[in-house]
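Asks: Attaching a single structure in structure tokens format; questions to follow.
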Protein chains: 2
Amino acid sequence: MYTVITLDDILRVLPSLDLLPAIEAAFVAYAEGRAVVPPIGELLFPAVPGDAHIKYGYIDGDDVFVIKVATGFPGNPASGLPSFSGVMLVFRADTGMLESVLLDEGHLTNVRTAVAGAVCAKHLAPPRVERIAVLGTGVQARLQVEAIAPIVGCRTVVVCGRRRTAIDAYAAEMMAKGFSVSTTRDAAEAVRDAQIVVTTTASGVPLLDTDDIVAGTLIIAMGSDTAHKQELSSALVGAVDVYVADSIEQCATRGELRHAIAAGMRTPNSAVALGDVIREPARGRRDARQRIIADLTGVAVQDIAIAKAVSRAVQ
Amino acid sequence: MYTVITLDDILRVLPSLDLLPAIEAAFVAYAEGRAVVPPIGELLFPAVPGDAHIKYGYIDGDDVFVIKVATGFPGNPASGLPSFSGVMLVFRADTGMLESVLLDEGHLTNVRTAVAGAVCAKHLAPPRVERIAVLGTGVQARLQVEAIAPIVGCRTVVVCGRRRTAIDAYAAEMMAKGFSVSTTRDAAEAVRDAQIVVTTTASGVPLLDTDDIVAGTLIIAMGSDTAHKQELSSALVGAVDVYVADSIEQCATRGELRHAIAAGMRTPNSAVALGDVIREPARGRRDARQRIIADLTGVAVQDIAIAKAVSRAVQ
């Protein structure tokens with residue numbers, strides 16, 4: 001019999017879950033071709049505007065399959081509703097019976113995205129991290145920093161945003177959580193002394209160029225997930241020593257890689273899959289001075305991993 | 001805020017709902033090109049075996065969109081589980097917020113399929129129906145007859161199956177519901193004196209040929225929904241006076257029409273969409289002696305219509 005799991009249930013069990021190994025295993029399965037993840041289903045409501053996406057699939061030999069619906073309606077906040085929402089469904093892969101409905105209202109997508117950032121930090125950060133720079137002041141600007149900080153042992157953050165009120169709210173909230181936070185509205189200034197840079201914006205124009213990034217820096221670029229978004233210049237994507245993608249195929253169509261390919265600055269062949277870095281560390285960082293980009297667009301295997309972990313924790 | 005609706009809730013409200021006009025309107029919207037129904041999403045588990053299908057979409061201007069998951073695992077009954085199951089999700093089309101989760105366990109798919117049969121009977125049956133023949137003894141053999149009987153005012157049924165125990169169980173159950181039931185294992189004999197023939201099997205070879213069907217008969221063929229199933233000979237599909245499809249496109253790839261096209265017996269151009277028959281009765285039956293086939297493969301607009309109707313009835 002199925003279990004209906006509310007957001008309150010989810011928030012209660014999440015702190016007890018060690019999601020990082022589950023998400024790592026999911027990326028490895030994906031890189032090894034053991035994941036069945038059909039093309040994303042899409043419904044568009046151009047007049048509203050809004051959209052719904054359906055990500056679904058399973059890992060070969062696993063006992064579940066997962067279907068995730070995620071919605072994005074940017075006009076919602078004007079009427080007091082969140083811009084993003086969603087539901088995840090976990091089914092038994094041996095019987096097709098519903099195991100659980102995760103009424104997560106989009107929260108698990110936020111969490112699995114942040115955990116992917118932590119996976120990148122674990123495998124690709126330089127040896128010594130003294131400052132994390134974050135571009136953007138939204139949900140991921142918070143969650144990414146919270147997920148990465150314990151991995152690299154750094155609680156010093158510089159945040160860069162456009163609106164002063166949003167920057168100040170971010171700083172106040174993160175300082176209350178024990179982070180040391182400085183602020184700026186200049187992206188180049190924000191990243192100058194950071195060893196990890198996390199870009200979390202919906203920008204359509206590059207915010208960072210080659211000269212902005214010093215030796216050793218890891219850039220985790222998770223803002224771009226459609227063809228029209230771009231946070232890093234194509235020259236920068238071409239110039240780094242190692243370019244890692246959560247999904248090479250997907251990043252080539254909706255990540256930073258897309259623009260670098262179009263500009264002739266990098267080819268998909270020069271990209272390394274995140275799962276391959278986890279399997280074979282030599283494919284990731286080889287010395288402390290390498291500049292590395294990890295391009296995250298979100299892959300259904302992350303949804304499968306987190307939905308299963310939460311479902312089993314609540315049972 | 002969303003509502004979680006269980007199968008018990010659904011069974012409680014269904015008798016109060018007049019689903020026929022809702023399903024008719026859905027077919028009309030589909031025929032008029034006002035429905036947005038992307039290609040069906042599919043997950044296959046060949047080793048089990050089993051499959052899951054995701055049907056989703058919305059009707060332009062409607063205030064909801066619907067995502068349905070339906071699973072089929074034919075080995076389940078050996079372990080006491082049903083072969084089919086599923087879930088429907090109703091979202092607001094203006095905000096993307098979840099309106100309700102219908103934990104229908106596949107039942108609403110059965111109901112909307114039976115209502116489509118009733119729609120066909122309403123618009124395409126000959127004037128006088130004295131006997132309904134049904135091929136097959138499963139869930140749809142029951143639900144189709146129960147849905148069609150009140151439309152045409154006939155409670156005399158002849159059922160044709162392969163296994164005697166299944167036939168007897170069907171007859172006992174339907175007689176308890178007030179039907180007069182005769183039985184046979186010979187399909188041609190079953191349909192000889194029937195004015196409506198409902199085919200509900202998973203047959204891979206034709207069960208009925210041209211000579212089996214007398215003038216005036218309406219055949220509702222709802223068994224075939226994949227490329228490999230076939231209940232009617234291609235000659236019969238070619239010979240009838242009017243061929244109606246719930247979706248011409250879909251029937252051409254997974255309905256009876258597929259085989260008739262391959263055999264050169266009928267072209268998609270000679271097919272009439274069910275929604276067009278509802279809009280313009282002259283495109284359906286024009287005299288009492290016409291032989292007509294209604295080919296049903298199941299269209300997402302039916303799921304949208306029934307999910308919305310149930311969701312609103314429970315709110």
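We label chains A, B, ... in the order they appear in the structure tokens, count residues from 1 in each chain, and number ligands from 1 in the order shown.
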Mind dumping a table of every chain B residue within 9 Å of chain A, with the nearest atom pair and its distance in Å to one decimal, using only C-alpha atoms, sorted by chain and rising number, as CSV?
Replies:
```
residue,atom,partner,partner_atom,distance
B:Val4,CA,A:Val4,CA,8.3
B:Val36,CA,A:Leu43,CA,8.1
B:Val37,CA,A:Leu43,CA,8.6
B:Pro38,CA,A:Glu42,CA,7.8
B:Pro39,CA,A:Gly41,CA,8.5
B:Ile40,CA,A:Gly41,CA,8.8
B:Gly41,CA,A:Gly41,CA,7.2
B:Glu42,CA,A:Pro38,CA,7.8
B:Leu43,CA,A:Gly57,CA,6.9
B:Phe45,CA,A:Ala93,CA,7.5
B:Val48,CA,A:Asp94,CA,6.3
B:Pro49,CA,A:Asp94,CA,8.2
B:Gly50,CA,A:Gly96,CA,7.2
B:Asp51,CA,A:Gly96,CA,7.5
B:Ala52,CA,A:Gly96,CA,7.2
B:Tyr56,CA,A:Leu43,CA,8.4
B:Gly57,CA,A:Leu43,CA,6.9
B:Tyr58,CA,A:Leu43,CA,8.5
B:Phe65,CA,A:Leu43,CA,8.8
B:Ile67,CA,A:Val69,CA,8.7
B:Val69,CA,A:Ile67,CA,8.7
B:Ala70,CA,A:Gly96,CA,8.6
B:Thr71,CA,A:Gly96,CA,5.5
B:Gly72,CA,A:Gly96,CA,6.8
B:Phe73,CA,A:Thr95,CA,5.9
B:Pro74,CA,A:Thr95,CA,8.9
B:Gly75,CA,A:Thr95,CA,8.1
B:Asn76,CA,A:Thr95,CA,6.3
B:Leu81,CA,A:Thr95,CA,8.1
B:Pro82,CA,A:Met97,CA,8.8
B:Ser83,CA,A:Thr95,CA,8.3
B:Phe84,CA,A:Gly96,CA,7.9
B:Ser85,CA,A:Met97,CA,6.4
B:Gly86,CA,A:Leu98,CA,7.3
B:Val87,CA,A:Leu98,CA,8.0
B:Leu89,CA,A:Val87,CA,8.9
B:Ala93,CA,A:Phe45,CA,7.5
B:Asp94,CA,A:Val48,CA,6.3
B:Thr95,CA,A:Phe73,CA,5.9
B:Gly96,CA,A:Thr71,CA,5.5
B:Met97,CA,A:Ser85,CA,6.4
B:Leu98,CA,A:Gly86,CA,7.3
B:Val101,CA,A:Val101,CA,8.6
B:Glu105,CA,A:Leu98,CA,8.3
```
Asks: Which residues, written as a list in words, have at least one atom at most 6 Å from region 243-253 of chain A, with only C-alpha atoms counted and residues fewer than 5 positions away on the same chain left out?
Replies: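 In the requested form, the answer reads Arg258, Ala271, Val272, Ala273, Leu274, Ile292, Ile293, Ala294, Asp295 and Leu296 of chain A.
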Asks: Please provide as a short mmCIF file (atom, residue, chain, number, x, y, z; two decimals) with N, CA and C atoms, in the first residue's frame all residues within 12 Å of Leu20 (chain B), with the sequence filter that same-chain residues fewer than 3 positions apart are discarded (counting only C-alpha atoms).
Replies:
```cif
data_model
loop_
_atom_site.label_atom_id
_atom_site.label_comp_id
_atom_site.auth_asym_id
_atom_site.auth_seq_id
_atom_site.Cartn_x
_atom_site.Cartn_y
_atom_site.Cartn_z
N LEU B 14 -18.34 8.97 -7.76
CA LEU B 14 -18.58 8.62 -9.17
C LEU B 14 -20.06 8.49 -9.53
N LEU B 17 -21.78 11.66 -10.66
CA LEU B 17 -21.23 12.44 -11.77
C LEU B 17 -21.84 12.01 -13.11
N ILE B 23 -16.93 13.84 -21.20
CA ILE B 23 -16.07 13.09 -22.13
C ILE B 23 -16.39 13.50 -23.57
N GLU B 24 -17.67 13.74 -23.86
CA GLU B 24 -18.03 14.24 -25.20
C GLU B 24 -17.31 15.57 -25.49
N ALA B 25 -17.37 16.48 -24.53
CA ALA B 25 -16.72 17.79 -24.73
C ALA B 25 -15.22 17.62 -24.93
N ALA B 26 -14.63 16.65 -24.24
CA ALA B 26 -13.19 16.41 -24.38
C ALA B 26 -12.87 15.93 -25.81
N PHE B 27 -13.69 15.02 -26.33
CA PHE B 27 -13.45 14.53 -27.70
C PHE B 27 -13.63 15.65 -28.72
N VAL B 111 -12.99 3.61 -16.07
CA VAL B 111 -14.28 4.30 -16.19
C VAL B 111 -14.30 5.18 -17.43
N ARG B 112 -13.24 5.96 -17.66
CA ARG B 112 -13.27 6.86 -18.81
C ARG B 112 -13.28 6.07 -20.12
N THR B 113 -12.69 4.87 -20.11
CA THR B 113 -12.72 4.02 -21.30
C THR B 113 -14.13 3.52 -21.56
N ALA B 114 -14.82 3.13 -20.49
CA ALA B 114 -16.20 2.67 -20.63
C ALA B 114 -17.12 3.80 -21.08
N VAL B 115 -16.89 5.00 -20.56
CA VAL B 115 -17.73 6.14 -20.95
C VAL B 115 -17.53 6.45 -22.43
N ALA B 116 -16.31 6.27 -22.94
CA ALA B 116 -16.08 6.48 -24.37
C ALA B 116 -16.93 5.51 -25.19
N GLY B 117 -17.07 4.28 -24.70
CA GLY B 117 -17.95 3.32 -25.37
C GLY B 117 -19.39 3.80 -25.38
N ALA B 118 -19.81 4.38 -24.26
CA ALA B 118 -21.18 4.91 -24.17
C ALA B 118 -21.38 6.07 -25.14
N VAL B 119 -20.35 6.92 -25.28
CA VAL B 119 -20.43 8.03 -26.23
C VAL B 119 -20.62 7.48 -27.66
N CYS B 120 -19.87 6.43 -27.99
CA CYS B 120 -20.00 5.81 -29.31
C CYS B 120 -21.41 5.25 -29.51
N ALA B 121 -21.93 4.57 -28.48
CA ALA B 121 -23.27 3.99 -28.59
C ALA B 121 -24.32 5.08 -28.78
N LYS B 122 -24.15 6.19 -28.04
CA LYS B 122 -25.13 7.28 -28.15
C LYS B 122 -25.20 7.83 -29.56
N HIS B 123 -24.05 8.00 -30.19
CA HIS B 123 -24.01 8.70 -31.48
C HIS B 123 -24.03 7.78 -32.69
N ALA B 147 -22.11 0.66 -19.13
CA ALA B 147 -22.18 2.05 -19.58
C ALA B 147 -23.08 2.21 -20.80
N ILE B 148 -23.06 1.20 -21.66
CA ILE B 148 -23.81 1.29 -22.93
C ILE B 148 -25.29 0.97 -22.73
N PRO B 150 -27.77 1.55 -20.54
CA PRO B 150 -28.79 2.58 -20.32
C PRO B 150 -28.93 3.55 -21.50
N ILE B 151 -27.86 3.70 -22.29
CA ILE B 151 -27.91 4.62 -23.44
C ILE B 151 -28.83 4.08 -24.52
N ILE B 278 -19.61 13.84 -32.94
CA ILE B 278 -20.40 14.49 -31.89
C ILE B 278 -20.83 15.89 -32.36
N GLN B 302 -9.55 12.28 -22.38
CA GLN B 302 -10.49 11.57 -21.51
C GLN B 302 -10.02 11.60 -20.07
N ALA B 305 -10.57 15.05 -18.65
CA ALA B 305 -11.97 15.32 -18.33
C ALA B 305 -12.41 14.62 -17.06
N ILE B 306 -12.06 13.35 -16.92
CA ILE B 306 -12.56 12.62 -15.74
C ILE B 306 -11.82 13.05 -14.48
N ALA B 309 -13.35 16.32 -13.38
CA ALA B 309 -14.71 16.14 -12.85
C ALA B 309 -14.67 15.56 -11.44
#
```
Asks: For the atom pair CA of Ala194 (chain B) and CA of Val242 (chain B), what is the interatomic distance in Å to one decimal place?
Replies: 17.9 Å
Asks: Just the number, please: distance in Å from CA of Cys154 (chain B) to CA of Ala141 (chain B), one decimal.
Replies: 15.3 Å
Asks: Once DSSP has gone over the backbone, tell me which residues of region 49-203 of chain A are in strand (DSSP E), as a PDB file with N, CA and C atoms, in the first residue's frame.
Replies:
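That gives us out_12.pdb:
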```pdb
ATOM      1  N   GLY A  50       3.892  30.127 -17.860  1.00  0.00           N
ATOM      2  CA  GLY A  50       4.252  29.086 -16.918  1.00  0.00           C
ATOM      3  C   GLY A  50       4.612  27.827 -17.672  1.00  0.00           C
ATOM      4  N   ASP A  51       5.212  26.875 -16.961  1.00  0.00           N
ATOM      5  CA  ASP A  51       5.518  25.604 -17.605  1.00  0.00           C
ATOM      6  C   ASP A  51       5.546  24.492 -16.570  1.00  0.00           C
ATOM      7  N   ALA A  52       5.370  23.278 -17.061  1.00  0.00           N
ATOM      8  CA  ALA A  52       5.484  22.089 -16.225  1.00  0.00           C
ATOM      9  C   ALA A  52       6.413  21.117 -16.925  1.00  0.00           C
ATOM     10  N   HIS A  53       7.303  20.509 -16.150  1.00  0.00           N
ATOM     11  CA  HIS A  53       8.211  19.524 -16.721  1.00  0.00           C
ATOM     12  C   HIS A  53       8.075  18.201 -15.972  1.00  0.00           C
ATOM     13  N   ILE A  54       8.162  17.132 -16.739  1.00  0.00           N
ATOM     14  CA  ILE A  54       8.057  15.791 -16.169  1.00  0.00           C
ATOM     15  C   ILE A  54       9.386  15.085 -16.417  1.00  0.00           C
ATOM     16  N   LYS A  55      10.088  14.777 -15.321  1.00  0.00           N
ATOM     17  CA  LYS A  55      11.331  14.016 -15.414  1.00  0.00           C
ATOM     18  C   LYS A  55      11.065  12.654 -14.806  1.00  0.00           C
ATOM     19  N   TYR A  56      11.531  11.600 -15.472  1.00  0.00           N
ATOM     20  CA  TYR A  56      11.177  10.268 -14.979  1.00  0.00           C
ATOM     21  C   TYR A  56      12.208   9.257 -15.433  1.00  0.00           C
ATOM     22  N   GLY A  57      12.236   8.144 -14.742  1.00  0.00           N
ATOM     23  CA  GLY A  57      13.172   7.100 -15.126  1.00  0.00           C
ATOM     24  C   GLY A  57      13.491   6.183 -13.976  1.00  0.00           C
ATOM     25  N   TYR A  58      14.489   5.337 -14.214  1.00  0.00           N
ATOM     26  CA  TYR A  58      14.940   4.407 -13.179  1.00  0.00           C
ATOM     27  C   TYR A  58      16.376   4.012 -13.444  1.00  0.00           C
ATOM     28  N   ILE A  59      17.001   3.472 -12.407  1.00  0.00           N
ATOM     29  CA  ILE A  59      18.356   2.940 -12.538  1.00  0.00           C
ATOM     30  C   ILE A  59      18.234   1.439 -12.676  1.00  0.00           C
ATOM     31  N   VAL A  64      12.839   0.689  -7.691  1.00  0.00           N
ATOM     32  CA  VAL A  64      11.830   1.743  -7.872  1.00  0.00           C
ATOM     33  C   VAL A  64      12.000   2.425  -9.232  1.00  0.00           C
ATOM     34  N   PHE A  65      10.913   3.030  -9.687  1.00  0.00           N
ATOM     35  CA  PHE A  65      11.040   4.077 -10.690  1.00  0.00           C
ATOM     36  C   PHE A  65      10.344   5.314 -10.164  1.00  0.00           C
ATOM     37  N   VAL A  66      10.750   6.478 -10.685  1.00  0.00           N
ATOM     38  CA  VAL A  66      10.299   7.748 -10.125  1.00  0.00           C
ATOM     39  C   VAL A  66       9.808   8.662 -11.250  1.00  0.00           C
ATOM     40  N   ILE A  67       8.711   9.339 -10.982  1.00  0.00           N
ATOM     41  CA  ILE A  67       8.194  10.347 -11.900  1.00  0.00           C
ATOM     42  C   ILE A  67       8.089  11.657 -11.124  1.00  0.00           C
ATOM     43  N   LYS A  68       8.746  12.674 -11.631  1.00  0.00           N
ATOM     44  CA  LYS A  68       8.712  13.976 -10.959  1.00  0.00           C
ATOM     45  C   LYS A  68       8.037  15.013 -11.841  1.00  0.00           C
ATOM     46  N   VAL A  69       7.126  15.766 -11.268  1.00  0.00           N
ATOM     47  CA  VAL A  69       6.526  16.908 -11.955  1.00  0.00           C
ATOM     48  C   VAL A  69       7.036  18.165 -11.265  1.00  0.00           C
ATOM     49  N   ALA A  70       7.572  19.091 -12.053  1.00  0.00           N
ATOM     50  CA  ALA A  70       8.037  20.365 -11.504  1.00  0.00           C
ATOM     51  C   ALA A  70       7.387  21.483 -12.309  1.00  0.00           C
ATOM     52  N   THR A  71       6.837  22.472 -11.603  1.00  0.00           N
ATOM     53  CA  THR A  71       6.189  23.585 -12.286  1.00  0.00           C
ATOM     54  C   THR A  71       6.919  24.886 -11.993  1.00  0.00           C
ATOM     55  N   GLY A  72       6.889  25.784 -12.963  1.00  0.00           N
ATOM     56  CA  GLY A  72       7.470  27.106 -12.785  1.00  0.00           C
ATOM     57  C   GLY A  72       6.535  28.163 -13.355  1.00  0.00           C
ATOM     58  N   PHE A  84       7.780  28.140  -7.867  1.00  0.00           N
ATOM     59  CA  PHE A  84       8.040  26.755  -8.228  1.00  0.00           C
ATOM     60  C   PHE A  84       7.254  25.818  -7.325  1.00  0.00           C
ATOM     61  N   SER A  85       6.787  24.703  -7.909  1.00  0.00           N
ATOM     62  CA  SER A  85       6.156  23.679  -7.099  1.00  0.00           C
ATOM     63  C   SER A  85       6.385  22.333  -7.756  1.00  0.00           C
ATOM     64  N   GLY A  86       5.812  21.294  -7.199  1.00  0.00           N
ATOM     65  CA  GLY A  86       6.015  19.984  -7.793  1.00  0.00           C
ATOM     66  C   GLY A  86       5.572  18.851  -6.904  1.00  0.00           C
ATOM     67  N   VAL A  87       5.656  17.663  -7.472  1.00  0.00           N
ATOM     68  CA  VAL A  87       5.278  16.406  -6.819  1.00  0.00           C
ATOM     69  C   VAL A  87       6.226  15.329  -7.330  1.00  0.00           C
ATOM     70  N   MET A  88       6.547  14.368  -6.482  1.00  0.00           N
ATOM     71  CA  MET A  88       7.283  13.190  -6.945  1.00  0.00           C
ATOM     72  C   MET A  88       6.479  11.934  -6.623  1.00  0.00           C
ATOM     73  N   LEU A  89       6.504  10.981  -7.554  1.00  0.00           N
ATOM     74  CA  LEU A  89       5.821   9.703  -7.367  1.00  0.00           C
ATOM     75  C   LEU A  89       6.867   8.591  -7.408  1.00  0.00           C
ATOM     76  N   VAL A  90       6.846   7.731  -6.410  1.00  0.00           N
ATOM     77  CA  VAL A  90       7.757   6.585  -6.365  1.00  0.00           C
ATOM     78  C   VAL A  90       6.925   5.315  -6.570  1.00  0.00           C
ATOM     79  N   PHE A  91       7.295   4.536  -7.574  1.00  0.00           N
ATOM     80  CA  PHE A  91       6.608   3.276  -7.872  1.00  0.00           C
ATOM     81  C   PHE A  91       7.577   2.102  -7.702  1.00  0.00           C
ATOM     82  N   ARG A  92       7.057   0.938  -7.370  1.00  0.00           N
ATOM     83  CA  ARG A  92       7.852  -0.284  -7.351  1.00  0.00           C
ATOM     84  C   ARG A  92       8.129  -0.706  -8.794  1.00  0.00           C
ATOM     85  N   LEU A  98       2.205   1.858  -6.794  1.00  0.00           N
ATOM     86  CA  LEU A  98       2.643   3.105  -6.179  1.00  0.00           C
ATOM     87  C   LEU A  98       3.219   2.835  -4.795  1.00  0.00           C
ATOM     88  N   GLU A  99       4.436   3.310  -4.546  1.00  0.00           N
ATOM     89  CA  GLU A  99       5.022   3.166  -3.206  1.00  0.00           C
ATOM     90  C   GLU A  99       4.746   4.416  -2.376  1.00  0.00           C
ATOM     91  N   SER A 100       4.952   5.590  -2.978  1.00  0.00           N
ATOM     92  CA  SER A 100       4.663   6.802  -2.217  1.00  0.00           C
ATOM     93  C   SER A 100       4.465   8.009  -3.114  1.00  0.00           C
ATOM     94  N   VAL A 101       3.691   8.939  -2.594  1.00  0.00           N
ATOM     95  CA  VAL A 101       3.486  10.246  -3.208  1.00  0.00           C
ATOM     96  C   VAL A 101       4.222  11.248  -2.331  1.00  0.00           C
ATOM     97  N   LEU A 102       5.199  11.937  -2.907  1.00  0.00           N
ATOM     98  CA  LEU A 102       5.964  12.924  -2.150  1.00  0.00           C
ATOM     99  C   LEU A 102       5.441  14.311  -2.503  1.00  0.00           C
ATOM    100  N   LEU A 103       4.649  14.867  -1.595  1.00  0.00           N
ATOM    101  CA  LEU A 103       4.043  16.180  -1.823  1.00  0.00           C
ATOM    102  C   LEU A 103       5.040  17.245  -1.387  1.00  0.00           C
ATOM    103  N   ILE A 132      33.983  31.244  -0.099  1.00  0.00           N
ATOM    104  CA  ILE A 132      33.047  30.796  -1.131  1.00  0.00           C
ATOM    105  C   ILE A 132      32.324  32.033  -1.649  1.00  0.00           C
ATOM    106  N   ALA A 133      32.374  32.234  -2.974  1.00  0.00           N
ATOM    107  CA  ALA A 133      31.614  33.332  -3.575  1.00  0.00           C
ATOM    108  C   ALA A 133      30.339  32.777  -4.175  1.00  0.00           C
ATOM    109  N   VAL A 134      29.253  33.504  -3.984  1.00  0.00           N
ATOM    110  CA  VAL A 134      27.994  33.051  -4.580  1.00  0.00           C
ATOM    111  C   VAL A 134      27.363  34.211  -5.335  1.00  0.00           C
ATOM    112  N   LEU A 135      27.023  33.941  -6.597  1.00  0.00           N
ATOM    113  CA  LEU A 135      26.314  34.933  -7.411  1.00  0.00           C
ATOM    114  C   LEU A 135      24.837  34.589  -7.359  1.00  0.00           C
ATOM    115  N   THR A 156      33.102  31.164   5.271  1.00  0.00           N
ATOM    116  CA  THR A 156      33.254  32.560   4.870  1.00  0.00           C
ATOM    117  C   THR A 156      32.697  32.725   3.453  1.00  0.00           C
ATOM    118  N   VAL A 157      31.726  33.631   3.323  1.00  0.00           N
ATOM    119  CA  VAL A 157      30.976  33.748   2.070  1.00  0.00           C
ATOM    120  C   VAL A 157      30.978  35.188   1.608  1.00  0.00           C
ATOM    121  N   VAL A 158      31.141  35.383   0.305  1.00  0.00           N
ATOM    122  CA  VAL A 158      30.874  36.701  -0.267  1.00  0.00           C
ATOM    123  C   VAL A 158      29.732  36.525  -1.259  1.00  0.00           C
ATOM    124  N   VAL A 159      28.697  37.343  -1.109  1.00  0.00           N
ATOM    125  CA  VAL A 159      27.511  37.212  -1.955  1.00  0.00           C
ATOM    126  C   VAL A 159      27.416  38.411  -2.886  1.00  0.00           C
ATOM    127  N   CYS A 160      27.042  38.142  -4.125  1.00  0.00           N
ATOM    128  CA  CYS A 160      26.864  39.195  -5.128  1.00  0.00           C
ATOM    129  C   CYS A 160      25.453  39.138  -5.676  1.00  0.00           C
ATOM    130  N   SER A 180      30.120  33.821   8.000  1.00  0.00           N
ATOM    131  CA  SER A 180      30.665  35.161   7.901  1.00  0.00           C
ATOM    132  C   SER A 180      30.391  35.624   6.470  1.00  0.00           C
ATOM    133  N   VAL A 181      29.632  36.711   6.309  1.00  0.00           N
ATOM    134  CA  VAL A 181      29.153  37.100   4.977  1.00  0.00           C
ATOM    135  C   VAL A 181      29.573  38.527   4.639  1.00  0.00           C
ATOM    136  N   SER A 182      30.223  38.715   3.512  1.00  0.00           N
ATOM    137  CA  SER A 182      30.436  40.050   2.962  1.00  0.00           C
ATOM    138  C   SER A 182      29.621  40.164   1.677  1.00  0.00           C
ATOM    139  N   THR A 183      29.367  41.400   1.238  1.00  0.00           N
ATOM    140  CA  THR A 183      28.451  41.596   0.116  1.00  0.00           C
ATOM    141  C   THR A 183      29.061  42.530  -0.923  1.00  0.00           C
ATOM    142  N   THR A 184      28.575  42.382  -2.151  1.00  0.00           N
ATOM    143  CA  THR A 184      29.001  43.254  -3.239  1.00  0.00           C
ATOM    144  C   THR A 184      27.963  43.174  -4.351  1.00  0.00           C
ATOM    145  N   ILE A 196      36.031  28.767  -4.287  1.00  0.00           N
ATOM    146  CA  ILE A 196      34.840  28.160  -4.894  1.00  0.00           C
ATOM    147  C   ILE A 196      33.880  29.274  -5.259  1.00  0.00           C
ATOM    148  N   VAL A 197      33.392  29.244  -6.491  1.00  0.00           N
ATOM    149  CA  VAL A 197      32.404  30.214  -6.976  1.00  0.00           C
ATOM    150  C   VAL A 197      31.151  29.432  -7.353  1.00  0.00           C
ATOM    151  N   VAL A 198      30.018  29.822  -6.795  1.00  0.00           N
ATOM    152  CA  VAL A 198      28.760  29.171  -7.154  1.00  0.00           C
ATOM    153  C   VAL A 198      27.882  30.196  -7.862  1.00  0.00           C
ATOM    154  N   THR A 199      27.500  29.916  -9.093  1.00  0.00           N
ATOM    155  CA  THR A 199      26.629  30.841  -9.829  1.00  0.00           C
ATOM    156  C   THR A 199      25.216  30.261  -9.826  1.00  0.00           C
TER     157      THR A 199
END
```
Asks: List every residue of region 211-301 of chain A that DSSP, applied to the backbone of this structure, assigns to alpha helix (DSSP H), and report them as JSON, numbers by chain.
Replies: {"A": [234, 235, 236, 237, 238, 239, 248, 249, 250, 251, 252, 253, 254, 256, 257, 258, 259, 260, 261, 262, 274, 275, 276, 277, 278, 279, 300, 301]}
Asks: Taking only C-alpha atoms into account, name the residue in B:Asn110, B:Asn269, B:Ser233, B:Ser224 that is nearest to Thr210 (chain B).
Replies: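 Nearest to Thr210 (chain B): B:Ser233.
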Asks: Tell me which protein, DNA and RNA residues are within 9 Å of Arg162 (chain A), counting only C-alpha atoms, leaving out same-chain ones fewer than 5 positions away, and put them as a tab-separated table (two decimals) with N, CA and C atoms, in the first residue's frame.
Replies:
```
chain	number	residue	atom	x	y	z
A	136	GLY	N	24.04	35.56	-6.94
A	136	GLY	CA	22.61	35.32	-6.78
A	136	GLY	C	22.25	35.28	-5.31
A	137	THR	N	20.97	35.56	-5.01
A	137	THR	CA	20.54	35.68	-3.62
A	137	THR	C	19.28	34.85	-3.34
A	167	ILE	N	20.28	41.34	-1.20
A	167	ILE	CA	21.62	41.05	-0.68
A	167	ILE	C	21.62	41.10	0.85
A	184	THR	N	28.57	42.38	-2.15
A	184	THR	CA	29.00	43.25	-3.24
A	184	THR	C	27.96	43.17	-4.35
A	185	ARG	N	28.00	44.16	-5.25
A	185	ARG	CA	27.15	44.09	-6.44
A	185	ARG	C	28.01	43.89	-7.68
A	186	ASP	N	29.30	43.61	-7.45
A	186	ASP	CA	30.25	43.46	-8.57
A	186	ASP	C	30.73	42.01	-8.61
```
Asks: Name all residues at most 12 Å from Arg289 (chain B) (count only C-alpha atoms; drop same-chain ones fewer than 3 positions away) and give them as a count of residues only.
Replies: 18
Asks: Do a neighbour search on Ala227 (chain B) at 12 Å with only C-alpha atoms, toss out local chain neighbours closer than 4 positions, and write the hits as a list of chain:residue names.
Replies: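 These residues fall inside the cut-off: B:Ala202, B:Ser203, B:Gly204, B:Val205, B:Gly223, B:Glu231, B:Gln250, B:Cys251, B:Ala252, B:Thr253, B:Arg254, B:Gly255, B:Glu256, B:Leu257, B:Arg258, B:His259, B:Ala260, B:Ala262, B:Thr297.
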Asks: To one decimal place in Å, what is the distance between CA of Gly80 (chain A) and CA of Arg163 (chain A)?
Replies: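 If I compute the distance from CA of Gly80 (chain A) to CA of Arg163 (chain A), I get 20.2 Å.
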